[in-house]
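Undergrad: Next comes the structure file model_35.csv, holding CSV, N, CA and C atoms.
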```csv
chain,number,residue,atom,x,y,z
A,1,MET,N,0.8,-1.2,0.0
A,1,MET,CA,0.0,0.0,0.0
A,1,MET,C,0.9,1.3,0.0
A,2,ILE,N,2.0,1.2,0.7
A,2,ILE,CA,2.8,2.4,0.8
A,2,ILE,C,3.3,2.9,-0.5
A,3,THR,N,3.4,2.0,-1.5
A,3,THR,CA,3.9,2.3,-2.8
A,3,THR,C,2.8,3.1,-3.6
A,4,LEU,N,1.6,3.1,-3.2
A,4,LEU,CA,0.5,3.8,-3.8
A,4,LEU,C,0.3,5.1,-3.2
A,5,PRO,N,0.7,6.2,-3.8
A,5,PRO,CA,0.8,7.5,-3.1
A,5,PRO,C,-0.5,8.3,-2.9
A,6,THR,N,-1.5,8.0,-3.7
A,6,THR,CA,-2.8,8.8,-3.6
A,6,THR,C,-3.9,7.9,-3.0
A,7,LEU,N,-4.9,8.7,-2.5
A,7,LEU,CA,-6.1,8.0,-1.9
A,7,LEU,C,-6.8,7.2,-3.0
A,8,VAL,N,-6.9,7.8,-4.2
A,8,VAL,CA,-7.7,7.1,-5.3
A,8,VAL,C,-7.0,5.8,-5.7
A,9,GLU,N,-5.6,5.8,-5.8
A,9,GLU,CA,-4.9,4.6,-6.1
A,9,GLU,C,-5.1,3.5,-5.0
A,10,ARG,N,-5.0,3.9,-3.8
A,10,ARG,CA,-5.2,3.0,-2.7
A,10,ARG,C,-6.7,2.5,-2.7
A,11,TYR,N,-7.6,3.3,-2.9
A,11,TYR,CA,-9.0,2.9,-3.0
A,11,TYR,C,-9.2,1.9,-4.2
A,12,GLU,N,-8.6,2.2,-5.4
A,12,GLU,CA,-8.7,1.2,-6.5
A,12,GLU,C,-8.1,-0.1,-6.2
A,13,TYR,N,-7.0,-0.1,-5.4
A,13,TYR,CA,-6.4,-1.4,-5.0
A,13,TYR,C,-7.3,-2.2,-4.1
A,14,LEU,N,-7.9,-1.5,-3.2
A,14,LEU,CA,-8.7,-2.1,-2.1
A,14,LEU,C,-10.2,-2.4,-2.5
A,15,ARG,N,-10.6,-1.8,-3.6
A,15,ARG,CA,-12.1,-1.9,-3.9
A,15,ARG,C,-12.5,-3.3,-4.2
A,16,ILE,N,-13.6,-3.6,-3.5
A,16,ILE,CA,-14.2,-5.0,-3.6
A,16,ILE,C,-15.3,-5.0,-4.6
A,17,GLY,N,-16.2,-4.0,-4.6
A,17,GLY,CA,-17.2,-3.8,-5.5
A,17,GLY,C,-18.4,-4.8,-5.3
A,18,GLY,N,-18.8,-5.0,-4.0
A,18,GLY,CA,-19.9,-5.8,-3.7
A,18,GLY,C,-21.2,-5.0,-3.9
A,19,ASN,N,-22.3,-5.6,-3.4
A,19,ASN,CA,-23.6,-4.9,-3.5
A,19,ASN,C,-24.2,-4.8,-2.1
A,20,VAL,N,-24.9,-3.7,-1.9
A,20,VAL,CA,-25.5,-3.5,-0.6
A,20,VAL,C,-26.5,-4.6,-0.4
A,21,GLY,N,-26.5,-5.2,0.8
A,21,GLY,CA,-27.4,-6.2,1.2
A,21,GLY,C,-26.9,-7.6,0.8
A,22,GLU,N,-25.8,-7.7,0.1
A,22,GLU,CA,-25.2,-9.0,-0.2
A,22,GLU,C,-24.6,-9.6,1.1
A,23,ASP,N,-24.8,-10.9,1.2
A,23,ASP,CA,-24.3,-11.6,2.4
A,23,ASP,C,-22.8,-11.5,2.5
A,24,THR,N,-22.2,-11.2,3.6
A,24,THR,CA,-20.8,-11.3,3.8
A,24,THR,C,-20.5,-12.6,4.6
A,25,PHE,N,-21.2,-12.7,5.7
A,25,PHE,CA,-21.1,-13.9,6.5
A,25,PHE,C,-22.4,-14.7,6.6
A,26,GLY,N,-23.5,-14.1,6.0
A,26,GLY,CA,-24.8,-14.8,6.0
A,26,GLY,C,-25.2,-15.2,7.4
A,27,TYR,N,-25.6,-16.4,7.6
A,27,TYR,CA,-26.1,-16.9,8.9
A,27,TYR,C,-24.9,-17.0,9.9
A,28,ASP,N,-23.7,-17.0,9.5
A,28,ASP,CA,-22.5,-17.1,10.3
A,28,ASP,C,-22.0,-15.7,10.8
A,29,ARG,N,-22.9,-14.7,10.6
A,29,ARG,CA,-22.5,-13.3,11.0
A,29,ARG,C,-22.1,-13.2,12.5
A,30,TRP,N,-22.6,-14.1,13.3
A,30,TRP,CA,-22.2,-14.1,14.8
A,30,TRP,C,-20.7,-14.3,14.9
A,31,ILE,N,-20.1,-15.0,14.0
A,31,ILE,CA,-18.7,-15.4,14.1
A,31,ILE,C,-17.9,-14.1,14.0
A,32,ASN,N,-18.1,-13.2,13.0
A,32,ASN,CA,-17.3,-12.0,12.9
A,32,ASN,C,-17.7,-11.0,13.9
A,33,GLN,N,-19.0,-11.0,14.4
A,33,GLN,CA,-19.3,-10.1,15.5
A,33,GLN,C,-18.6,-10.5,16.8
A,34,THR,N,-18.5,-11.8,17.0
A,34,THR,CA,-17.7,-12.2,18.2
A,34,THR,C,-16.3,-11.8,18.1
A,35,PHE,N,-15.7,-12.0,16.9
A,35,PHE,CA,-14.3,-11.6,16.7
A,35,PHE,C,-14.1,-10.1,16.9
A,36,TYR,N,-15.0,-9.2,16.3
A,36,TYR,CA,-14.8,-7.8,16.4
A,36,TYR,C,-15.0,-7.3,17.8
A,37,ASN,N,-15.6,-8.1,18.7
A,37,ASN,CA,-15.7,-7.7,20.1
A,37,ASN,C,-14.7,-8.3,21.0
A,38,SER,N,-13.7,-9.0,20.4
A,38,SER,CA,-12.7,-9.7,21.2
A,38,SER,C,-11.6,-8.7,21.7
A,39,GLU,N,-10.9,-9.1,22.7
A,39,GLU,CA,-9.8,-8.3,23.2
A,39,GLU,C,-8.6,-8.3,22.3
A,40,GLU,N,-8.4,-9.4,21.5
A,40,GLU,CA,-7.3,-9.4,20.6
A,40,GLU,C,-7.5,-8.4,19.5
A,41,TRP,N,-8.8,-8.3,19.0
A,41,TRP,CA,-9.1,-7.4,17.9
A,41,TRP,C,-8.9,-5.9,18.4
A,42,ARG,N,-9.4,-5.7,19.6
A,42,ARG,CA,-9.3,-4.3,20.2
A,42,ARG,C,-7.9,-3.9,20.3
A,43,ARG,N,-7.0,-4.8,20.7
A,43,ARG,CA,-5.6,-4.5,20.9
A,43,ARG,C,-5.0,-4.2,19.6
A,44,VAL,N,-5.2,-5.0,18.5
A,44,VAL,CA,-4.5,-4.7,17.2
A,44,VAL,C,-5.2,-3.5,16.6
A,45,ARG,N,-6.5,-3.3,16.8
A,45,ARG,CA,-7.1,-2.1,16.3
A,45,ARG,C,-6.5,-0.8,16.8
A,46,ARG,N,-6.2,-0.8,18.1
A,46,ARG,CA,-5.6,0.4,18.8
A,46,ARG,C,-4.2,0.6,18.1
A,47,GLU,N,-3.5,-0.5,17.9
A,47,GLU,CA,-2.1,-0.4,17.3
A,47,GLU,C,-2.2,0.2,15.9
A,48,VAL,N,-3.1,-0.2,15.1
A,48,VAL,CA,-3.3,0.3,13.7
A,48,VAL,C,-3.7,1.7,13.7
A,49,VAL,N,-4.6,2.1,14.6
A,49,VAL,CA,-5.0,3.5,14.7
A,49,VAL,C,-3.8,4.4,15.1
A,50,LEU,N,-3.0,4.0,16.0
A,50,LEU,CA,-1.8,4.7,16.4
A,50,LEU,C,-0.8,4.8,15.2
A,51,ARG,N,-0.7,3.7,14.5
A,51,ARG,CA,0.3,3.7,13.4
A,51,ARG,C,-0.2,4.7,12.3
A,52,ASP,N,-1.5,4.7,12.0
A,52,ASP,CA,-2.0,5.6,11.0
A,52,ASP,C,-2.3,7.0,11.4
A,53,THR,N,-1.9,7.4,12.6
A,53,THR,CA,-2.1,8.7,13.1
A,53,THR,C,-0.9,9.5,12.8
A,54,ILE,N,-1.1,10.6,12.1
A,54,ILE,CA,-0.1,11.5,11.7
A,54,ILE,C,-0.4,12.9,12.4
A,55,GLY,N,0.6,13.3,13.2
A,55,GLY,CA,0.3,14.5,14.1
A,55,GLY,C,-0.7,14.1,15.1
A,56,ARG,N,-1.8,14.7,15.1
A,56,ARG,CA,-2.9,14.4,16.1
A,56,ARG,C,-4.1,13.8,15.5
A,57,GLU,N,-4.1,13.5,14.1
A,57,GLU,CA,-5.2,12.9,13.5
A,57,GLU,C,-5.0,11.6,12.8
A,58,CYS,N,-5.9,10.7,12.9
A,58,CYS,CA,-5.8,9.4,12.1
A,58,CYS,C,-6.2,9.7,10.7
A,59,CYS,N,-5.5,9.2,9.7
A,59,CYS,CA,-5.6,9.6,8.3
A,59,CYS,C,-6.3,8.5,7.5
A,60,ASP,N,-7.2,8.9,6.6
A,60,ASP,CA,-7.9,8.0,5.8
A,60,ASP,C,-6.9,7.3,4.8
A,61,LEU,N,-6.9,5.9,4.9
A,61,LEU,CA,-6.0,5.1,4.1
A,61,LEU,C,-4.6,5.5,4.3
A,62,GLY,N,-4.2,6.1,5.4
A,62,GLY,CA,-2.8,6.5,5.7
A,62,GLY,C,-2.3,7.7,4.9
A,63,ILE,N,-3.2,8.5,4.3
A,63,ILE,CA,-2.8,9.7,3.5
A,63,ILE,C,-3.0,10.9,4.4
A,64,GLU,N,-1.9,11.6,4.7
A,64,GLU,CA,-1.9,12.7,5.6
A,64,GLU,C,-2.9,13.8,5.4
A,65,LYS,N,-3.1,14.1,4.1
A,65,LYS,CA,-4.0,15.3,3.9
A,65,LYS,C,-5.5,14.9,3.9
A,66,PHE,N,-5.8,13.7,4.4
A,66,PHE,CA,-7.2,13.2,4.5
A,66,PHE,C,-7.5,12.7,6.0
A,67,PRO,N,-7.5,13.7,6.9
A,67,PRO,CA,-7.8,13.2,8.3
A,67,PRO,C,-9.2,12.7,8.4
A,68,ILE,N,-9.4,11.7,9.3
A,68,ILE,CA,-10.7,11.1,9.5
A,68,ILE,C,-11.5,11.9,10.5
A,69,ARG,N,-12.6,12.3,10.0
A,69,ARG,CA,-13.6,13.1,10.9
A,69,ARG,C,-14.7,12.1,11.3
A,70,GLY,N,-14.8,11.9,12.6
A,70,GLY,CA,-15.8,10.9,13.0
A,70,GLY,C,-15.2,9.5,13.3
A,71,ARG,N,-16.1,8.6,13.1
A,71,ARG,CA,-15.7,7.2,13.4
A,71,ARG,C,-14.6,6.6,12.6
A,72,ILE,N,-13.6,6.0,13.2
A,72,ILE,CA,-12.5,5.4,12.6
A,72,ILE,C,-12.7,3.9,12.4
A,73,LEU,N,-12.7,3.4,11.2
A,73,LEU,CA,-12.8,2.0,10.9
A,73,LEU,C,-11.5,1.4,10.6
A,74,VAL,N,-11.2,0.2,11.0
A,74,VAL,CA,-10.0,-0.5,10.6
A,74,VAL,C,-10.4,-1.6,9.7
A,75,HIS,N,-9.9,-1.5,8.4
A,75,HIS,CA,-10.3,-2.3,7.3
A,75,HIS,C,-9.3,-3.4,7.1
A,76,HIS,N,-9.8,-4.6,6.9
A,76,HIS,CA,-8.9,-5.8,6.4
A,76,HIS,C,-8.7,-5.6,4.9
A,77,MET,N,-7.4,-5.5,4.5
A,77,MET,CA,-7.1,-5.3,3.1
A,77,MET,C,-7.4,-6.6,2.3
A,78,VAL,N,-7.3,-7.7,3.0
A,78,VAL,CA,-7.7,-9.0,2.4
A,78,VAL,C,-9.0,-9.4,3.0
A,79,PRO,N,-10.1,-9.4,2.1
A,79,PRO,CA,-11.4,-9.7,2.7
A,79,PRO,C,-11.5,-11.0,3.4
A,80,LEU,N,-12.2,-10.9,4.6
A,80,LEU,CA,-12.2,-12.1,5.4
A,80,LEU,C,-13.3,-13.1,5.0
A,81,LEU,N,-13.1,-14.3,5.2
A,81,LEU,CA,-14.1,-15.4,5.1
A,81,LEU,C,-14.3,-16.0,6.5
A,82,VAL,N,-15.4,-16.8,6.6
A,82,VAL,CA,-15.7,-17.5,7.9
A,82,VAL,C,-14.5,-18.3,8.3
A,83,GLY,N,-13.8,-19.0,7.4
A,83,GLY,CA,-12.7,-19.8,7.8
A,83,GLY,C,-11.5,-19.0,8.3
A,84,ASP,N,-11.3,-17.8,7.8
A,84,ASP,CA,-10.2,-17.0,8.3
A,84,ASP,C,-10.3,-16.7,9.8
A,85,ILE,N,-11.5,-16.5,10.3
A,85,ILE,CA,-11.7,-16.3,11.7
A,85,ILE,C,-11.6,-17.6,12.5
A,86,ALA,N,-12.3,-18.6,12.0
A,86,ALA,CA,-12.2,-19.9,12.7
A,86,ALA,C,-10.8,-20.5,12.8
A,87,GLU,N,-10.0,-20.3,11.7
A,87,GLU,CA,-8.7,-20.8,11.7
A,87,GLU,C,-7.6,-19.8,12.1
A,88,SER,N,-8.0,-18.6,12.5
A,88,SER,CA,-7.0,-17.5,12.8
A,88,SER,C,-6.0,-17.3,11.7
A,89,SER,N,-6.4,-17.0,10.5
A,89,SER,CA,-5.5,-16.9,9.4
A,89,SER,C,-4.5,-15.7,9.7
A,90,GLU,N,-3.4,-15.7,8.9
A,90,GLU,CA,-2.4,-14.7,9.0
A,90,GLU,C,-2.9,-13.3,8.8
A,91,PHE,N,-4.0,-13.1,8.1
A,91,PHE,CA,-4.6,-11.8,7.8
A,91,PHE,C,-5.4,-11.2,8.9
A,92,LEU,N,-5.8,-12.1,9.8
A,92,LEU,CA,-6.8,-11.7,10.8
A,92,LEU,C,-6.3,-10.6,11.8
A,93,LEU,N,-5.1,-10.7,12.4
A,93,LEU,CA,-4.6,-9.8,13.4
A,93,LEU,C,-3.3,-9.2,13.1
A,94,ASN,N,-2.8,-9.3,11.8
A,94,ASN,CA,-1.5,-8.8,11.4
A,94,ASN,C,-1.7,-7.3,10.9
A,95,PRO,N,-1.2,-6.4,11.6
A,95,PRO,CA,-1.3,-5.0,11.3
A,95,PRO,C,-0.9,-4.7,9.8
A,96,GLU,N,0.0,-5.5,9.2
A,96,GLU,CA,0.4,-5.3,7.9
A,96,GLU,C,-0.8,-5.4,6.9
A,97,TYR,N,-1.8,-6.1,7.3
A,97,TYR,CA,-3.0,-6.3,6.4
A,97,TYR,C,-4.2,-5.5,6.8
A,98,LEU,N,-4.0,-4.5,7.7
A,98,LEU,CA,-5.0,-3.6,8.2
A,98,LEU,C,-4.7,-2.1,7.9
A,99,ILE,N,-5.8,-1.4,7.7
A,99,ILE,CA,-5.6,0.1,7.4
A,99,ILE,C,-6.8,0.8,7.9
A,100,CYS,N,-6.6,2.0,8.4
A,100,CYS,CA,-7.7,2.9,8.9
A,100,CYS,C,-8.4,3.6,7.8
A,101,CYS,N,-9.7,3.7,7.9
A,101,CYS,CA,-10.4,4.5,6.9
A,101,CYS,C,-11.7,5.1,7.5
A,102,SER,N,-12.2,6.1,6.9
A,102,SER,CA,-13.5,6.7,7.3
A,102,SER,C,-14.6,5.8,6.9
A,103,ASP,N,-15.8,6.1,7.5
A,103,ASP,CA,-17.0,5.3,7.2
A,103,ASP,C,-17.3,5.4,5.7
A,104,ASN,N,-17.2,6.6,5.1
A,104,ASN,CA,-17.5,6.7,3.7
A,104,ASN,C,-16.5,6.0,2.8
A,105,THR,N,-15.2,6.1,3.1
A,105,THR,CA,-14.2,5.3,2.3
A,105,THR,C,-14.5,3.8,2.4
A,106,HIS,N,-14.8,3.4,3.6
A,106,HIS,CA,-15.1,1.9,3.8
A,106,HIS,C,-16.3,1.5,2.9
A,107,ARG,N,-17.3,2.3,2.9
A,107,ARG,CA,-18.5,2.0,2.0
A,107,ARG,C,-18.0,2.0,0.6
A,108,ALA,N,-17.2,3.0,0.2
A,108,ALA,CA,-16.7,3.0,-1.2
A,108,ALA,C,-15.9,1.8,-1.6
A,109,ILE,N,-15.1,1.3,-0.7
A,109,ILE,CA,-14.3,0.1,-0.9
A,109,ILE,C,-15.2,-1.1,-1.1
A,110,HIS,N,-16.2,-1.3,-0.2
A,110,HIS,CA,-17.1,-2.4,-0.3
A,110,HIS,C,-18.1,-2.4,-1.4
A,111,TYR,N,-18.6,-1.2,-1.8
A,111,TYR,CA,-19.7,-1.1,-2.7
A,111,TYR,C,-19.3,-0.4,-4.0
A,112,GLY,N,-18.0,0.0,-4.1
A,112,GLY,CA,-17.5,0.6,-5.4
A,112,GLY,C,-18.0,1.9,-5.8
A,113,ASP,N,-18.3,2.8,-4.8
A,113,ASP,CA,-18.8,4.1,-5.2
A,113,ASP,C,-17.7,5.2,-4.8
A,114,ALA,N,-16.9,5.5,-5.8
A,114,ALA,CA,-15.8,6.5,-5.6
A,114,ALA,C,-16.3,7.9,-5.2
A,115,LYS,N,-17.6,8.2,-5.5
A,115,LYS,CA,-18.1,9.5,-5.1
A,115,LYS,C,-18.1,9.7,-3.6
A,116,LEU,N,-18.0,8.6,-2.8
A,116,LEU,CA,-18.0,8.7,-1.4
A,116,LEU,C,-16.6,9.1,-0.8
A,117,LEU,N,-15.6,9.0,-1.6
A,117,LEU,CA,-14.2,9.3,-1.2
A,117,LEU,C,-14.1,10.8,-0.9
A,118,PRO,N,-13.3,11.2,0.1
A,118,PRO,CA,-13.0,12.6,0.4
A,118,PRO,C,-12.3,13.2,-0.8
A,119,GLN,N,-12.6,14.5,-1.0
A,119,GLN,CA,-12.1,15.2,-2.1
A,119,GLN,C,-10.9,16.1,-1.7
A,120,ASP,N,-10.0,16.3,-2.6
A,120,ASP,CA,-8.9,17.2,-2.3
A,120,ASP,C,-9.4,18.6,-2.0
A,121,TYR,N,-8.8,19.3,-1.1
A,121,TYR,CA,-9.2,20.7,-0.8
A,121,TYR,C,-8.7,21.6,-1.8
A,122,THR,N,-9.6,22.5,-2.3
A,122,THR,CA,-9.3,23.5,-3.3
A,122,THR,C,-9.4,24.8,-2.6
A,123,PRO,N,-8.3,25.6,-2.4
A,123,PRO,CA,-8.4,26.9,-1.8
A,123,PRO,C,-9.2,27.9,-2.6
A,124,ARG,N,-9.9,28.7,-1.9
A,124,ARG,CA,-10.7,29.8,-2.5
A,124,ARG,C,-9.7,30.8,-3.1
A,125,SER,N,-10.3,31.4,-4.2
A,125,SER,CA,-9.5,32.5,-4.8
A,125,SER,C,-10.4,33.7,-5.1
A,126,LEU,N,-9.8,34.8,-5.4
A,126,LEU,CA,-10.6,36.0,-5.7
A,126,LEU,C,-11.5,35.8,-6.9
A,127,PHE,N,-12.8,36.1,-6.8
A,127,PHE,CA,-13.8,36.0,-7.8
A,127,PHE,C,-14.1,34.6,-8.2
A,128,ASP,N,-13.8,33.6,-7.4
A,128,ASP,CA,-14.0,32.2,-7.8
A,128,ASP,C,-15.5,31.8,-7.9
A,129,THR,N,-16.4,32.7,-7.4
A,129,THR,CA,-17.8,32.4,-7.6
A,129,THR,C,-18.4,33.3,-8.6
A,130,CYS,N,-17.6,34.1,-9.3
A,130,CYS,CA,-18.1,35.1,-10.3
A,130,CYS,C,-17.5,34.7,-11.6
A,131,PRO,N,-18.2,34.0,-12.5
A,131,PRO,CA,-17.6,33.5,-13.7
A,131,PRO,C,-17.2,34.5,-14.8
A,132,TRP,N,-17.7,35.7,-14.7
A,132,TRP,CA,-17.3,36.7,-15.7
A,132,TRP,C,-16.2,37.6,-15.3
A,133,LYS,N,-15.6,37.4,-14.1
A,133,LYS,CA,-14.5,38.1,-13.6
A,133,LYS,C,-13.3,37.2,-13.5
A,134,HIS,N,-12.1,37.6,-13.9
A,134,HIS,CA,-11.0,36.7,-13.9
A,134,HIS,C,-9.9,37.4,-13.1
```
Can the structure in the file be given as structure tokens, please?

TA:
Amino acid sequence: MITLPTLVERYEYLRIGGNVGEDTFGYDRWINQTFYNSEEWRRVRREVVLRDTIGRECCDLGIEKFPIRGRILVHHMVPLLVGDIAESSEFLLNPEYLICCSDNTHRAIHYGDAKLLPQDYTPRSLFDTCPWKH
């Protein structure tokens, strides 16, 4: 991920492109809910949030100019399956396979809607709202 310098490039790399309402764990959803409430997950989640914090703010997909406002999600870069949790796969608790993201970025990754990504800040300029003045 570190070799991808922009938020859009990182998003494209992580994008899953699922559909809203599609089963991720189906009837076995209790398995991932148990995992996400475990002490092991909370420990590694704290570690990843600290790693992705630049200055005083946790950054979306680790990009400094996109601080996360609101809830911080820790995303598995390799999508999890039921067996990954049951068998404690190498992707489960390894910080190298985890990254912080905002709720909107997380939705964009899972459902393929790049319009949800944060936008670059464009500074205001003189007459920028007046099209006939330059």

Undergrad: Nearest residue to Gly62 (chain A) out of A:Asn37, A:Cys100, A:Glu12, A:Leu4, using all atoms listed in the file?

TA: A:Cys100

Undergrad: Taking the point (-10.3, 3.1, 5.5) as given in the file, collect each protein or nucleic acid residue that comes within 6 Å of it, counting all atoms listed in the file, and present the set as a list in words.

TA: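 Within the cut-off we find Asp60, Leu61, Leu73, His75, Ile99, Cys100, Cys101, Ser102, Thr105 and His106 of chain A.
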
Undergrad: Got a sec: who's within 8 Å of Asn104 (chain A), counting only C-alpha atoms, leaving out chain neighbours fewer than 4 positions off, as a PyMOL selection string?

TA: chain A and resi 108+116-117

Undergrad: Convert the current residue selection to file output with N, CA and C atoms, as a PDB file, keeping the file's coordinate frame.

TA:
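Final output, again35.pdb:
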```pdb
ATOM      1  N   ALA A 108     -17.200   3.000   0.200  1.00  0.00           N
ATOM      2  CA  ALA A 108     -16.700   3.000  -1.200  1.00  0.00           C
ATOM      3  C   ALA A 108     -15.900   1.800  -1.600  1.00  0.00           C
ATOM      4  N   LEU A 116     -18.000   8.600  -2.800  1.00  0.00           N
ATOM      5  CA  LEU A 116     -18.000   8.700  -1.400  1.00  0.00           C
ATOM      6  C   LEU A 116     -16.600   9.100  -0.800  1.00  0.00           C
ATOM      7  N   LEU A 117     -15.600   9.000  -1.600  1.00  0.00           N
ATOM      8  CA  LEU A 117     -14.200   9.300  -1.200  1.00  0.00           C
ATOM      9  C   LEU A 117     -14.100  10.800  -0.900  1.00  0.00           C
TER      10      LEU A 117
END
```

Undergrad: I'd like the neighbourhood of Tyr97 (chain A) as a ChimeraX atom specification, where a residue qualifies if any of its atoms comes within 9 Å (using only C-alpha atoms), though same-chain residues fewer than 6 positions away should be ignored.

TA: /A:75-78,90-91

Undergrad: Go through A:Ala86, A:Pro118, A:His110, A:Cys130 and flag the residue nearest Arg15 (chain A), using only N, CA and C atoms for the distances.

TA: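 Nearest to Arg15 (chain A): A:His110.
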
Undergrad: Which residue, A:Arg43, A:Asn32, A:Leu98, A:Asp120, has the smallest gap to Val74 (chain A) when you use only N, CA and C atoms?

TA: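 When distances to Val74 (chain A) are compared using only N, CA and C atoms, the smallest one comes from A:Leu98.
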
Undergrad: Taking only C-alpha atoms into account, which of A:Ile16, A:Val48, A:Cys58, A:Trp132 comes nearest Leu80 (chain A)?

TA: A:Ile16

Undergrad: Quick one: pull the distance between atom N of Leu93 (chain A) and atom C of Glu40 (chain A), Å, one decimal.

TA: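 Rounded to one decimal, the two atoms are 7.8 Å apart.
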
Undergrad: Once DSSP has gone over the backbone, tell me which residues of region 39-129 of chain A are in strand (DSSP E), as a PyMOL selection string.

TA: chain A and resi 53-54+57-58+73-76+98-101

Undergrad: Could you pull out the residues in chain A that DSSP calls alpha helix (DSSP H) from the backbone, as a PyMOL selection string?

TA: chain A and resi 7-14+29-36+39-51+82-86+103-111

Undergrad: Out of A:Ile85, A:Gln119, A:Arg42, A:Phe35, which residue has the shortest atom-to-atom distance to Lys65 (chain A) when counting all atoms listed in the file?

TA: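 Smallest separation from Lys65 (chain A) among the options: A:Gln119.
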
Undergrad: Tell me, as a list in words, which residues lie within 8 Å of Val44 (chain A), counting all atoms listed in the file; anything in the same chain fewer than 5 positions away does not count.

TA: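 Near Val44 (chain A), the qualifying residues are Glu39, Val49, Leu50, Leu93, Asn94 and Pro95 of chain A.
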
Undergrad: Distance CA of Gly112 (chain A)-CA of Tyr11 (chain A), one decimal place?

TA: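 Between these atoms lies a distance of 9.1 Å.
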